[in-house]
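Below is one structure, written out as structure tokens; comments come after it.
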Amino acid sequence: MMVRRTLAVLGLLAVAGFAARAQEPAPEPSVTPTIVAAGRSVVRGTTNANVVPATFRAQLITDNRFKKVPPPKDESDRDPRDRTGKIHCLVCEHGLSPVVAVFVRGNVSEVKVTDGLSKLLKGTDTLIPKYRSDKLASFVMFLKLEGGTKVVTVKGADGDEKVAVDLEYPHDEMRDEKATEVRNYATLVAADNVPFGLAADKSGSLTAFAVGDAPVTVILYNRLRMVQRWEFKLEDLTDEKVTEVLAAVEEMIRGKKP
């Protein structure tokens, strides 16, 4: 009997303690802004402000990470991990890995292998095998398709609901030509560790990632936390800026985790 009374008293004290703590105001989050290139800042700390904000599904034009030698005779002989020509989310695939995400607007048909964008992609391609054990990954998305939305029906507890969502494969009369442009550029750069994708020029995912009208936006993230970002004009992506971005990639991996 004494044991039961003792356990009952301890239980009441525990409940009272939890209730008291629940009434205490939550502590203010510790936030330290880190100023980065292009006048942008990424918030570090215990808030959700720096969390990777969305998935990013797009058509992969080239994905040479798993290419076979000799090349496959047909689609059935391709490595199942090769997502060339398919709609795929590389944000989902890479998960908690450190990632270099590059978003490009405008015409790249005249971009040369000696230009800054090409050097950035080649430099990233070189770093990926160097940091293979850290699972460094990258992708580049060319925002060339006319974006749009479609209405889908979502079933819920209170009945069906109509919701507008981004088109994953937006209709664009110039799609094939734009895909060929990206494919030719990917062949020119030969950054086989970096998938090249084709995506809409506007979407909810781009808005979530705060990708604006800059010709080139570079975002570094690790463990699904934003680390650093830049916005460039093509002509401003100089050798010095390329070196700066690549150094930041290595610091992201070798430095403190975000």
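So you can find residues: chains in the structure tokens are A, B, ... in the order shown, residues in each start at 1, and ligands are numbered from 1 in order.
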message = Env of A:Leu136: 9 Å cut, atoms = only C-alpha atoms, seq-sep filter 3 positions within chain, self excluded. Answer as a PyMOL selection string.
response = chain A and resi 94+97-100+127-133+253
Expected file contents, prior selection, C-alpha atoms, as a compact mmCIF listing (two decimals), in the first residue's frame:
```txt
# COMPACT_ATOMS: atom_id res chain seq x y z
CA HIS A 94 20.62 14.23 -52.10
CA SER A 97 24.31 15.76 -48.27
CA PRO A 98 26.18 19.02 -48.96
CA VAL A 99 24.88 20.39 -52.27
CA VAL A 100 25.84 23.06 -54.81
CA LEU A 127 35.36 18.71 -56.13
CA ILE A 128 32.70 15.97 -56.09
CA PRO A 129 35.11 12.99 -56.33
CA LYS A 130 37.49 14.76 -53.94
CA TYR A 131 34.75 14.84 -51.30
CA ARG A 132 33.07 11.59 -52.25
CA SER A 133 33.14 10.38 -48.65
CA ILE A 253 32.36 20.54 -45.93
```
inquiry  = Set the distance at 6 Å and use only C-alpha atoms: which residues neighbour A:Glu231 once local chain neighbours fewer than 4 positions away are removed? I'd like the list as a PyMOL selection string.
reply    = chain A and resi 214+216-217
Write a file of the selected residues as a PDB file, in the first residue's frame, keeping C-alpha atoms.
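Writing the result to selection.pdb gives the following:
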```pdb
ATOM      1  CA  ALA A 214      19.474  37.016 -61.845  1.00  0.00           C
ATOM      2  CA  VAL A 216      22.886  32.826 -62.343  1.00  0.00           C
ATOM      3  CA  THR A 217      21.898  31.970 -58.770  1.00  0.00           C
TER       4      THR A 217
END
```
Which stretch 89-205 of chain A residues have any atom within 10 Å of an atom of stretch 54-60 of chain A, and for each, what is the nearest pair of atoms with distance in Å to one decimal, counting only C-alpha atoms, rows sorted by chain and number, as a Markdown table?
```
| residue | atom | partner | partner_atom | distance |
| --- | --- | --- | --- | --- |
| A:Cys89 | CA | A:Arg57 | CA | 4.2 |
| A:Leu90 | CA | A:Phe56 | CA | 6.9 |
| A:Val91 | CA | A:Thr55 | CA | 5.7 |
| A:Cys92 | CA | A:Thr55 | CA | 6.5 |
| A:Glu93 | CA | A:Thr55 | CA | 9.9 |
| A:Phe139 | CA | A:Leu60 | CA | 9.7 |
| A:Val140 | CA | A:Leu60 | CA | 9.6 |
| A:Met141 | CA | A:Ala58 | CA | 8.1 |
| A:Phe142 | CA | A:Ala58 | CA | 9.7 |
| A:Leu143 | CA | A:Ala58 | CA | 9.8 |
| A:Asp166 | CA | A:Arg57 | CA | 9.9 |
| A:Leu167 | CA | A:Ala58 | CA | 9.8 |
| A:Glu168 | CA | A:Ala58 | CA | 6.5 |
| A:Tyr169 | CA | A:Gln59 | CA | 7.5 |
| A:Pro170 | CA | A:Ala58 | CA | 10.0 |
| A:Ala179 | CA | A:Gln59 | CA | 9.3 |
| A:Val182 | CA | A:Leu60 | CA | 10.0 |
| A:Arg183 | CA | A:Leu60 | CA | 9.8 |
| A:Pro195 | CA | A:Leu60 | CA | 6.8 |
| A:Phe196 | CA | A:Leu60 | CA | 5.9 |
| A:Gly197 | CA | A:Leu60 | CA | 4.2 |
| A:Leu198 | CA | A:Gln59 | CA | 5.4 |
| A:Ala199 | CA | A:Ala58 | CA | 5.3 |
| A:Ala200 | CA | A:Ala58 | CA | 8.1 |
| A:Ser203 | CA | A:Phe56 | CA | 9.6 |
| A:Gly204 | CA | A:Ala54 | CA | 8.5 |
| A:Ser205 | CA | A:Ala54 | CA | 5.8 |
```
Restricted to N, CA and C atoms, what would the selected residues look like written as a PDB file, in the first residue's frame?
```pdb
ATOM      1  N   CYS A  89      13.519  14.679 -58.662  1.00  0.00           N
ATOM      2  CA  CYS A  89      13.833  15.695 -57.656  1.00  0.00           C
ATOM      3  C   CYS A  89      15.200  15.404 -57.065  1.00  0.00           C
ATOM      4  N   LEU A  90      16.178  16.214 -57.406  1.00  0.00           N
ATOM      5  CA  LEU A  90      17.525  16.017 -56.887  1.00  0.00           C
ATOM      6  C   LEU A  90      17.654  16.513 -55.451  1.00  0.00           C
ATOM      7  N   VAL A  91      16.815  17.453 -55.028  1.00  0.00           N
ATOM      8  CA  VAL A  91      16.816  17.855 -53.623  1.00  0.00           C
ATOM      9  C   VAL A  91      16.447  16.662 -52.761  1.00  0.00           C
ATOM     10  N   CYS A  92      15.429  15.904 -53.191  1.00  0.00           N
ATOM     11  CA  CYS A  92      15.020  14.705 -52.450  1.00  0.00           C
ATOM     12  C   CYS A  92      16.122  13.648 -52.482  1.00  0.00           C
ATOM     13  N   GLU A  93      16.719  13.445 -53.653  1.00  0.00           N
ATOM     14  CA  GLU A  93      17.737  12.402 -53.785  1.00  0.00           C
ATOM     15  C   GLU A  93      18.942  12.673 -52.888  1.00  0.00           C
ATOM     16  N   PHE A 139      23.839  20.116 -58.803  1.00  0.00           N
ATOM     17  CA  PHE A 139      22.999  20.069 -60.003  1.00  0.00           C
ATOM     18  C   PHE A 139      22.873  21.481 -60.543  1.00  0.00           C
ATOM     19  N   VAL A 140      22.576  21.574 -61.845  1.00  0.00           N
ATOM     20  CA  VAL A 140      22.344  22.869 -62.470  1.00  0.00           C
ATOM     21  C   VAL A 140      21.016  22.797 -63.217  1.00  0.00           C
ATOM     22  N   MET A 141      20.157  23.777 -62.968  1.00  0.00           N
ATOM     23  CA  MET A 141      18.842  23.833 -63.586  1.00  0.00           C
ATOM     24  C   MET A 141      18.759  25.049 -64.513  1.00  0.00           C
ATOM     25  N   PHE A 142      18.361  24.809 -65.753  1.00  0.00           N
ATOM     26  CA  PHE A 142      18.189  25.877 -66.723  1.00  0.00           C
ATOM     27  C   PHE A 142      16.704  26.222 -66.788  1.00  0.00           C
ATOM     28  N   LEU A 143      16.384  27.440 -66.386  1.00  0.00           N
ATOM     29  CA  LEU A 143      14.996  27.878 -66.232  1.00  0.00           C
ATOM     30  C   LEU A 143      14.533  28.489 -67.548  1.00  0.00           C
ATOM     31  N   ASP A 166       2.099  23.468 -59.457  1.00  0.00           N
ATOM     32  CA  ASP A 166       2.964  23.727 -60.607  1.00  0.00           C
ATOM     33  C   ASP A 166       2.922  22.572 -61.600  1.00  0.00           C
ATOM     34  N   LEU A 167       3.022  22.902 -62.877  1.00  0.00           N
ATOM     35  CA  LEU A 167       3.162  21.877 -63.900  1.00  0.00           C
ATOM     36  C   LEU A 167       4.561  21.282 -63.822  1.00  0.00           C
ATOM     37  N   GLU A 168       4.655  19.981 -63.659  1.00  0.00           N
ATOM     38  CA  GLU A 168       5.966  19.344 -63.613  1.00  0.00           C
ATOM     39  C   GLU A 168       6.572  19.232 -65.011  1.00  0.00           C
ATOM     40  N   TYR A 169       5.716  19.149 -66.011  1.00  0.00           N
ATOM     41  CA  TYR A 169       6.180  19.005 -67.388  1.00  0.00           C
ATOM     42  C   TYR A 169       5.423  20.019 -68.237  1.00  0.00           C
ATOM     43  N   PRO A 170       5.693  21.327 -68.020  1.00  0.00           N
ATOM     44  CA  PRO A 170       4.902  22.363 -68.681  1.00  0.00           C
ATOM     45  C   PRO A 170       4.996  22.294 -70.193  1.00  0.00           C
ATOM     46  N   ALA A 179      15.782  21.789 -74.859  1.00  0.00           N
ATOM     47  CA  ALA A 179      16.461  20.606 -74.310  1.00  0.00           C
ATOM     48  C   ALA A 179      17.756  20.344 -75.077  1.00  0.00           C
ATOM     49  N   VAL A 182      20.450  22.778 -73.922  1.00  0.00           N
ATOM     50  CA  VAL A 182      21.043  22.375 -72.648  1.00  0.00           C
ATOM     51  C   VAL A 182      21.949  21.158 -72.840  1.00  0.00           C
ATOM     52  N   ARG A 183      21.500  20.205 -73.647  1.00  0.00           N
ATOM     53  CA  ARG A 183      22.289  18.987 -73.887  1.00  0.00           C
ATOM     54  C   ARG A 183      23.614  19.320 -74.561  1.00  0.00           C
ATOM     55  N   PRO A 195      24.382  16.715 -62.774  1.00  0.00           N
ATOM     56  CA  PRO A 195      23.221  16.579 -63.659  1.00  0.00           C
ATOM     57  C   PRO A 195      22.765  17.943 -64.179  1.00  0.00           C
ATOM     58  N   PHE A 196      22.343  17.981 -65.440  1.00  0.00           N
ATOM     59  CA  PHE A 196      21.839  19.191 -66.071  1.00  0.00           C
ATOM     60  C   PHE A 196      20.338  19.028 -66.270  1.00  0.00           C
ATOM     61  N   GLY A 197      19.557  19.971 -65.745  1.00  0.00           N
ATOM     62  CA  GLY A 197      18.113  19.864 -65.826  1.00  0.00           C
ATOM     63  C   GLY A 197      17.479  21.026 -66.565  1.00  0.00           C
ATOM     64  N   LEU A 198      16.228  20.828 -66.984  1.00  0.00           N
ATOM     65  CA  LEU A 198      15.440  21.846 -67.674  1.00  0.00           C
ATOM     66  C   LEU A 198      14.163  22.052 -66.875  1.00  0.00           C
ATOM     67  N   ALA A 199      13.903  23.303 -66.481  1.00  0.00           N
ATOM     68  CA  ALA A 199      12.773  23.585 -65.600  1.00  0.00           C
ATOM     69  C   ALA A 199      12.032  24.834 -66.053  1.00  0.00           C
ATOM     70  N   ALA A 200      10.875  25.068 -65.439  1.00  0.00           N
ATOM     71  CA  ALA A 200      10.066  26.240 -65.749  1.00  0.00           C
ATOM     72  C   ALA A 200      10.746  27.510 -65.258  1.00  0.00           C
ATOM     73  N   SER A 203       7.895  29.157 -60.758  1.00  0.00           N
ATOM     74  CA  SER A 203       7.208  28.067 -60.074  1.00  0.00           C
ATOM     75  C   SER A 203       7.202  28.348 -58.586  1.00  0.00           C
ATOM     76  N   GLY A 204       6.380  27.605 -57.866  1.00  0.00           N
ATOM     77  CA  GLY A 204       6.364  27.744 -56.417  1.00  0.00           C
ATOM     78  C   GLY A 204       7.689  27.387 -55.793  1.00  0.00           C
ATOM     79  N   SER A 205       8.373  26.393 -56.367  1.00  0.00           N
ATOM     80  CA  SER A 205       9.673  25.983 -55.820  1.00  0.00           C
ATOM     81  C   SER A 205      10.710  27.087 -55.986  1.00  0.00           C
TER      82      SER A 205
END
```
request  = Extract, using only C-alpha atoms, all DNA, RNA and protein residues at most 10 Å from A:Gly116, discarding same-chain residues fewer than 3 positions from it, and format them as a ChimeraX atom specification.
outcome  = /A:111-113,119-122,234-242
Atoms kept (N, CA and C atoms) for selection, written as an mmCIF file, in the first residue's frame:
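So the final result, stored in result.cif, reads:
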```cif
data_model
loop_
_atom_site.group_PDB
_atom_site.id
_atom_site.type_symbol
_atom_site.label_atom_id
_atom_site.label_comp_id
_atom_site.auth_asym_id
_atom_site.auth_seq_id
_atom_site.Cartn_x
_atom_site.Cartn_y
_atom_site.Cartn_z
ATOM 1 N N VAL A 111 27.365 30.507 -74.610
ATOM 2 C CA VAL A 111 28.308 30.431 -73.498
ATOM 3 C C VAL A 111 29.439 29.473 -73.868
ATOM 4 N N LYS A 112 30.663 29.894 -73.633
ATOM 5 C CA LYS A 112 31.824 29.094 -74.010
ATOM 6 C C LYS A 112 32.379 28.341 -72.802
ATOM 7 N N VAL A 113 33.197 27.363 -73.068
ATOM 8 C CA VAL A 113 33.767 26.560 -71.993
ATOM 9 C C VAL A 113 34.741 27.376 -71.148
ATOM 10 N N LYS A 119 33.331 27.352 -65.961
ATOM 11 C CA LYS A 119 34.409 27.097 -65.000
ATOM 12 C C LYS A 119 33.851 26.719 -63.628
ATOM 13 N N LEU A 120 32.735 27.342 -63.245
ATOM 14 C CA LEU A 120 32.117 26.999 -61.962
ATOM 15 C C LEU A 120 31.626 25.558 -61.972
ATOM 16 N N LEU A 121 30.969 25.149 -63.060
ATOM 17 C CA LEU A 121 30.451 23.786 -63.144
ATOM 18 C C LEU A 121 31.597 22.771 -63.222
ATOM 19 N N LYS A 122 32.647 23.099 -63.971
ATOM 20 C CA LYS A 122 33.803 22.202 -64.045
ATOM 21 C C LYS A 122 34.502 22.108 -62.705
ATOM 22 N N LEU A 234 26.106 36.950 -65.947
ATOM 23 C CA LEU A 234 27.079 36.033 -66.542
ATOM 24 C C LEU A 234 28.467 36.664 -66.622
ATOM 25 N N GLU A 235 28.515 37.934 -66.996
ATOM 26 C CA GLU A 235 29.824 38.585 -67.146
ATOM 27 C C GLU A 235 30.490 38.874 -65.811
ATOM 28 N N ASP A 236 29.708 38.855 -64.718
ATOM 29 C CA ASP A 236 30.274 39.106 -63.390
ATOM 30 C C ASP A 236 30.800 37.843 -62.715
ATOM 31 N N LEU A 237 30.564 36.697 -63.339
ATOM 32 C CA LEU A 237 31.061 35.442 -62.778
ATOM 33 C C LEU A 237 32.512 35.268 -63.222
ATOM 34 N N THR A 238 33.386 36.068 -62.616
ATOM 35 C CA THR A 238 34.796 36.110 -62.975
ATOM 36 C C THR A 238 35.550 34.942 -62.346
ATOM 37 N N ASP A 239 36.816 34.820 -62.719
ATOM 38 C CA ASP A 239 37.655 33.771 -62.128
ATOM 39 C C ASP A 239 37.725 33.934 -60.615
ATOM 40 N N GLU A 240 37.781 35.182 -60.144
ATOM 41 C CA GLU A 240 37.847 35.431 -58.696
ATOM 42 C C GLU A 240 36.574 34.964 -58.003
ATOM 43 N N LYS A 241 35.430 35.223 -58.632
ATOM 44 C CA LYS A 241 34.160 34.801 -58.041
ATOM 45 C C LYS A 241 34.020 33.280 -58.070
ATOM 46 N N VAL A 242 34.457 32.663 -59.140
ATOM 47 C CA VAL A 242 34.423 31.204 -59.214
ATOM 48 C C VAL A 242 35.268 30.602 -58.100
#
```
ask   = Which parts of stretch 19-223 of chain A does DSSP call strand (DSSP E) when run on the backbone here, written out as a ChimeraX atom specification?
value = /A:31-35,41-45,57-62,87-89,99-104,137-145,149-156,159-166,196-200,216-222
Quick one: write out the picked residues with C-alpha atoms as a PDB file, in the first residue's frame?
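Saved as out-v4.pdb:
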```pdb
ATOM      1  CA  VAL A  31      19.971  33.909 -34.355  1.00  0.00           C
ATOM      2  CA  THR A  32      23.256  35.031 -35.852  1.00  0.00           C
ATOM      3  CA  PRO A  33      23.018  36.502 -39.352  1.00  0.00           C
ATOM      4  CA  THR A  34      25.906  35.616 -41.634  1.00  0.00           C
ATOM      5  CA  ILE A  35      26.530  38.146 -44.379  1.00  0.00           C
ATOM      6  CA  SER A  41      22.358  36.841 -45.703  1.00  0.00           C
ATOM      7  CA  VAL A  42      21.509  33.359 -44.527  1.00  0.00           C
ATOM      8  CA  VAL A  43      20.235  33.000 -40.981  1.00  0.00           C
ATOM      9  CA  ARG A  44      21.935  30.449 -38.771  1.00  0.00           C
ATOM     10  CA  GLY A  45      20.587  29.331 -35.421  1.00  0.00           C
ATOM     11  CA  ARG A  57      11.219  18.409 -59.564  1.00  0.00           C
ATOM     12  CA  ALA A  58      12.430  18.941 -63.105  1.00  0.00           C
ATOM     13  CA  GLN A  59      13.351  17.081 -66.269  1.00  0.00           C
ATOM     14  CA  LEU A  60      16.963  15.887 -66.290  1.00  0.00           C
ATOM     15  CA  ILE A  61      18.473  16.450 -69.724  1.00  0.00           C
ATOM     16  CA  THR A  62      21.787  14.774 -68.914  1.00  0.00           C
ATOM     17  CA  ILE A  87      11.222  14.032 -64.119  1.00  0.00           C
ATOM     18  CA  HIS A  88      13.225  13.807 -60.920  1.00  0.00           C
ATOM     19  CA  CYS A  89      13.833  15.695 -57.656  1.00  0.00           C
ATOM     20  CA  VAL A  99      24.882  20.387 -52.275  1.00  0.00           C
ATOM     21  CA  VAL A 100      25.838  23.057 -54.812  1.00  0.00           C
ATOM     22  CA  ALA A 101      22.618  24.116 -56.577  1.00  0.00           C
ATOM     23  CA  VAL A 102      22.932  26.361 -59.638  1.00  0.00           C
ATOM     24  CA  PHE A 103      19.957  28.019 -61.369  1.00  0.00           C
ATOM     25  CA  VAL A 104      20.518  29.625 -64.780  1.00  0.00           C
ATOM     26  CA  ALA A 137      26.577  16.639 -54.788  1.00  0.00           C
ATOM     27  CA  SER A 138      25.504  19.275 -57.273  1.00  0.00           C
ATOM     28  CA  PHE A 139      22.999  20.069 -60.003  1.00  0.00           C
ATOM     29  CA  VAL A 140      22.344  22.869 -62.470  1.00  0.00           C
ATOM     30  CA  MET A 141      18.842  23.833 -63.586  1.00  0.00           C
ATOM     31  CA  PHE A 142      18.189  25.877 -66.723  1.00  0.00           C
ATOM     32  CA  LEU A 143      14.996  27.878 -66.232  1.00  0.00           C
ATOM     33  CA  LYS A 144      13.884  28.050 -69.849  1.00  0.00           C
ATOM     34  CA  LEU A 145      10.350  26.605 -70.031  1.00  0.00           C
ATOM     35  CA  THR A 149      -0.122  25.601 -62.985  1.00  0.00           C
ATOM     36  CA  LYS A 150      -2.821  22.957 -63.077  1.00  0.00           C
ATOM     37  CA  VAL A 151      -5.720  22.236 -60.761  1.00  0.00           C
ATOM     38  CA  VAL A 152      -5.786  18.875 -59.003  1.00  0.00           C
ATOM     39  CA  THR A 153      -8.290  17.328 -56.630  1.00  0.00           C
ATOM     40  CA  VAL A 154      -7.021  16.505 -53.151  1.00  0.00           C
ATOM     41  CA  LYS A 155      -9.090  14.226 -50.933  1.00  0.00           C
ATOM     42  CA  GLY A 156      -9.322  15.308 -47.311  1.00  0.00           C
ATOM     43  CA  GLY A 159     -14.179  16.218 -48.674  1.00  0.00           C
ATOM     44  CA  ASP A 160     -12.457  16.954 -51.966  1.00  0.00           C
ATOM     45  CA  GLU A 161     -10.549  20.183 -52.434  1.00  0.00           C
ATOM     46  CA  LYS A 162      -9.297  21.827 -55.638  1.00  0.00           C
ATOM     47  CA  VAL A 163      -5.653  22.885 -55.390  1.00  0.00           C
ATOM     48  CA  ALA A 164      -3.449  24.674 -57.945  1.00  0.00           C
ATOM     49  CA  VAL A 165      -0.007  23.077 -58.347  1.00  0.00           C
ATOM     50  CA  ASP A 166       2.964  23.727 -60.607  1.00  0.00           C
ATOM     51  CA  PHE A 196      21.839  19.191 -66.071  1.00  0.00           C
ATOM     52  CA  GLY A 197      18.113  19.864 -65.826  1.00  0.00           C
ATOM     53  CA  LEU A 198      15.440  21.846 -67.674  1.00  0.00           C
ATOM     54  CA  ALA A 199      12.773  23.585 -65.600  1.00  0.00           C
ATOM     55  CA  ALA A 200      10.066  26.240 -65.749  1.00  0.00           C
ATOM     56  CA  VAL A 216      22.886  32.826 -62.343  1.00  0.00           C
ATOM     57  CA  THR A 217      21.898  31.970 -58.770  1.00  0.00           C
ATOM     58  CA  VAL A 218      24.189  29.710 -56.737  1.00  0.00           C
ATOM     59  CA  ILE A 219      22.976  28.188 -53.465  1.00  0.00           C
ATOM     60  CA  LEU A 220      25.035  26.062 -51.080  1.00  0.00           C
ATOM     61  CA  TYR A 221      23.216  23.958 -48.516  1.00  0.00           C
ATOM     62  CA  ASN A 222      24.161  21.154 -46.142  1.00  0.00           C
TER      63      ASN A 222
END
```
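With distances restricted to only C-alpha atoms, A:Asn64 is the closest residue to A:Thr187 from A:Asn64, A:Thr207, A:Thr124, A:Asn50.
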key: stretch 111-149 of chain A: residues DSSP assigns to alpha helix (DSSP H), reported as a ChimeraX atom specification   = /A:116-130
Let me see the file: selected residues, C-alpha atoms, as an mmCIF file, in the first residue's frame.
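Written out: selection.cif:
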```cif
data_model
loop_
_atom_site.group_PDB
_atom_site.id
_atom_site.type_symbol
_atom_site.label_atom_id
_atom_site.label_comp_id
_atom_site.auth_asym_id
_atom_site.auth_seq_id
_atom_site.Cartn_x
_atom_site.Cartn_y
_atom_site.Cartn_z
ATOM 1 C CA GLY A 116 32.683 31.754 -65.701
ATOM 2 C CA LEU A 117 29.571 29.550 -65.591
ATOM 3 C CA SER A 118 31.426 26.717 -67.327
ATOM 4 C CA LYS A 119 34.409 27.097 -65.000
ATOM 5 C CA LEU A 120 32.117 26.999 -61.962
ATOM 6 C CA LEU A 121 30.451 23.786 -63.144
ATOM 7 C CA LYS A 122 33.803 22.202 -64.045
ATOM 8 C CA GLY A 123 35.264 23.212 -60.698
ATOM 9 C CA THR A 124 32.311 21.726 -58.848
ATOM 10 C CA ASP A 125 32.623 18.574 -60.948
ATOM 11 C CA THR A 126 36.255 18.269 -59.805
ATOM 12 C CA LEU A 127 35.360 18.706 -56.127
ATOM 13 C CA ILE A 128 32.696 15.972 -56.087
ATOM 14 C CA PRO A 129 35.105 12.988 -56.327
ATOM 15 C CA LYS A 130 37.494 14.760 -53.941
#
```
remark   = A straight line from atom CA of A:Ser109 to atom CA of A:Phe232 spans 18.0 Å
Give me the residues within 10 Å of A:Arg65 as a CSV table (one decimal) with N, CA and C atoms, in the first residue's frame, counting only C-alpha atoms and dropping any in the same chain fewer than 3 places off.
```csv
chain,number,residue,atom,x,y,z
A,62,THR,N,20.7,15.7,-69.0
A,62,THR,CA,21.8,14.8,-68.9
A,62,THR,C,22.1,14.4,-67.5
A,68,LYS,N,27.3,4.1,-68.4
A,68,LYS,CA,28.0,2.8,-68.6
A,68,LYS,C,29.0,3.0,-69.8
A,79,ASP,N,21.7,2.2,-66.6
A,79,ASP,CA,21.7,2.0,-65.1
A,79,ASP,C,20.4,2.6,-64.6
A,81,ARG,N,19.7,4.0,-62.0
A,81,ARG,CA,19.9,5.3,-61.3
A,81,ARG,C,20.0,6.5,-62.2
A,82,ASP,N,20.2,6.2,-63.5
A,82,ASP,CA,20.4,7.2,-64.5
A,82,ASP,C,19.0,7.8,-64.8
A,83,ARG,N,18.8,9.1,-64.5
A,83,ARG,CA,17.5,9.7,-64.6
A,83,ARG,C,17.4,10.6,-65.9
A,191,ALA,N,30.9,18.1,-67.5
A,191,ALA,CA,30.9,17.9,-66.0
A,191,ALA,C,30.0,16.8,-65.6
A,192,ASP,N,30.6,15.6,-65.8
A,192,ASP,CA,29.7,14.4,-65.7
A,192,ASP,C,29.2,14.1,-64.3
A,193,ASN,N,29.7,14.7,-63.3
A,193,ASN,CA,29.2,14.5,-61.9
A,193,ASN,C,28.1,15.4,-61.6
A,194,VAL,N,27.7,16.3,-62.5
A,194,VAL,CA,26.7,17.4,-62.3
A,194,VAL,C,25.6,17.1,-63.2
A,195,PRO,N,24.4,16.7,-62.8
A,195,PRO,CA,23.2,16.6,-63.7
A,195,PRO,C,22.8,17.9,-64.2
```
Which residues, written as a compact mmCIF listing (two decimals) with C-alpha atoms, in the first residue's frame, have at least one atom at most 8 Å from A:Val52, with only C-alpha atoms counted and residues fewer than 6 positions away on the same chain left out?
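Result saved to out16.txt:
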```
# COMPACT_ATOMS: atom_id res chain seq x y z
CA PHE A 209 14.16 29.16 -52.94
CA TYR A 221 23.22 23.96 -48.52
CA LEU A 224 19.02 20.71 -45.55
CA ARG A 225 20.19 24.03 -44.11
CA MET A 226 21.09 26.98 -46.33
```
